[in-house]
Amino acid sequence: MTIDGEYVAWTRRSPLLDAIGGFQQHATDASKVAFDVDAPKVNARGFLHTGVIATVADVAIGHLLSNMSDPPVPLVTINISCDLLGSARLGDRVHGVIEATRVGRRLAAGQAVFSTDRVIARITALFVPAAG
């Protein structure tokens, strides 16, 4: 199902993402994600919860990095850092752009920038291959 012409429902399901709900990926560009800030994603003051944006970044960066290997390598997050530069409110649309910064045999790194009409967060993350 296409959402707003460019985005489709997130295809990699997990119990956490299903509980929060409503994440999308770009139909043709794996480096872009989006979501609407709805009730399950906000704190008591109606702002996007930091945990939600960190979760979306963790999943999106990890999947982008994983899929850069053939075959894809399952990854485990070992560090994530969030710089919150603004806020999003209930009803806002948030877009994220994901970038790989390093993909090696033992370590992968990436970053994400999330924005509404302005940048609201920059996230960096480090991953290692999952123990098999």
# chains A, B, ... in the order shown; residues from 1 in each chain; ligands from 1
$ residues_around --residues "Val128 in chain A" --least-positions-apart "4" --cutoff "7 Å" --atoms "only C-alpha atoms" --output "list in words"
Leu75, Val76, Thr77, Ile78, Arg106, Leu107 and Ala108 of chain A
$ select_by_dssp --residues "chain A" --states "alpha helix (DSSP H)" --output "list in words"
Pro15, Leu16, Leu17, Asp18, Ala19, Ile20, Thr50, Gly51, Val52, Ile53, Ala54, Thr55, Val56, Ala57, Asp58, Val59, Ala60, Ile61, Gly62, His63, Leu64, Leu65 and Ser66 of chain A
$ residues_around --residues "range 111-114 of chain A" --least-positions-apart "2" --cutoff "12 Å" --atoms "only C-alpha atoms" --output "ChimeraX atom specification"
/A:31-35,48,50,52-62,64-65,79-88,93-102,108-109,116-127
$ atom_distance --atom1 "CA of Arg89 in chain A" --atom2 "CA of His63 in chain A"
26.4 Å
$ residues_around --residues "Trp10 in chain A" --least-positions-apart "3" --cutoff "8 Å" --atoms "only C-alpha atoms" --output "tab-separated table (two decimals) with N, CA, C and O atoms, in the first residue's frame"
chain	number	residue	atom	x	y	z
A	13	ARG	N	8.85	-6.29	9.94
A	13	ARG	CA	8.05	-6.18	11.15
A	13	ARG	C	8.82	-6.62	12.39
A	13	ARG	O	9.72	-7.45	12.32
A	22	GLY	N	2.83	2.55	12.34
A	22	GLY	CA	2.78	3.64	11.40
A	22	GLY	C	4.07	4.09	10.75
A	22	GLY	O	4.14	5.21	10.26
A	23	PHE	N	5.10	3.26	10.70
A	23	PHE	CA	6.34	3.66	10.05
A	23	PHE	C	6.32	3.28	8.58
A	23	PHE	O	5.76	2.27	8.19
A	24	GLN	N	6.94	4.13	7.78
A	24	GLN	CA	6.99	3.89	6.34
A	24	GLN	C	8.42	4.00	5.81
A	24	GLN	O	9.26	4.66	6.41
A	25	GLN	N	8.61	3.34	4.69
A	25	GLN	CA	9.88	3.44	3.99
A	25	GLN	C	9.58	3.95	2.59
A	25	GLN	O	8.48	3.76	2.08
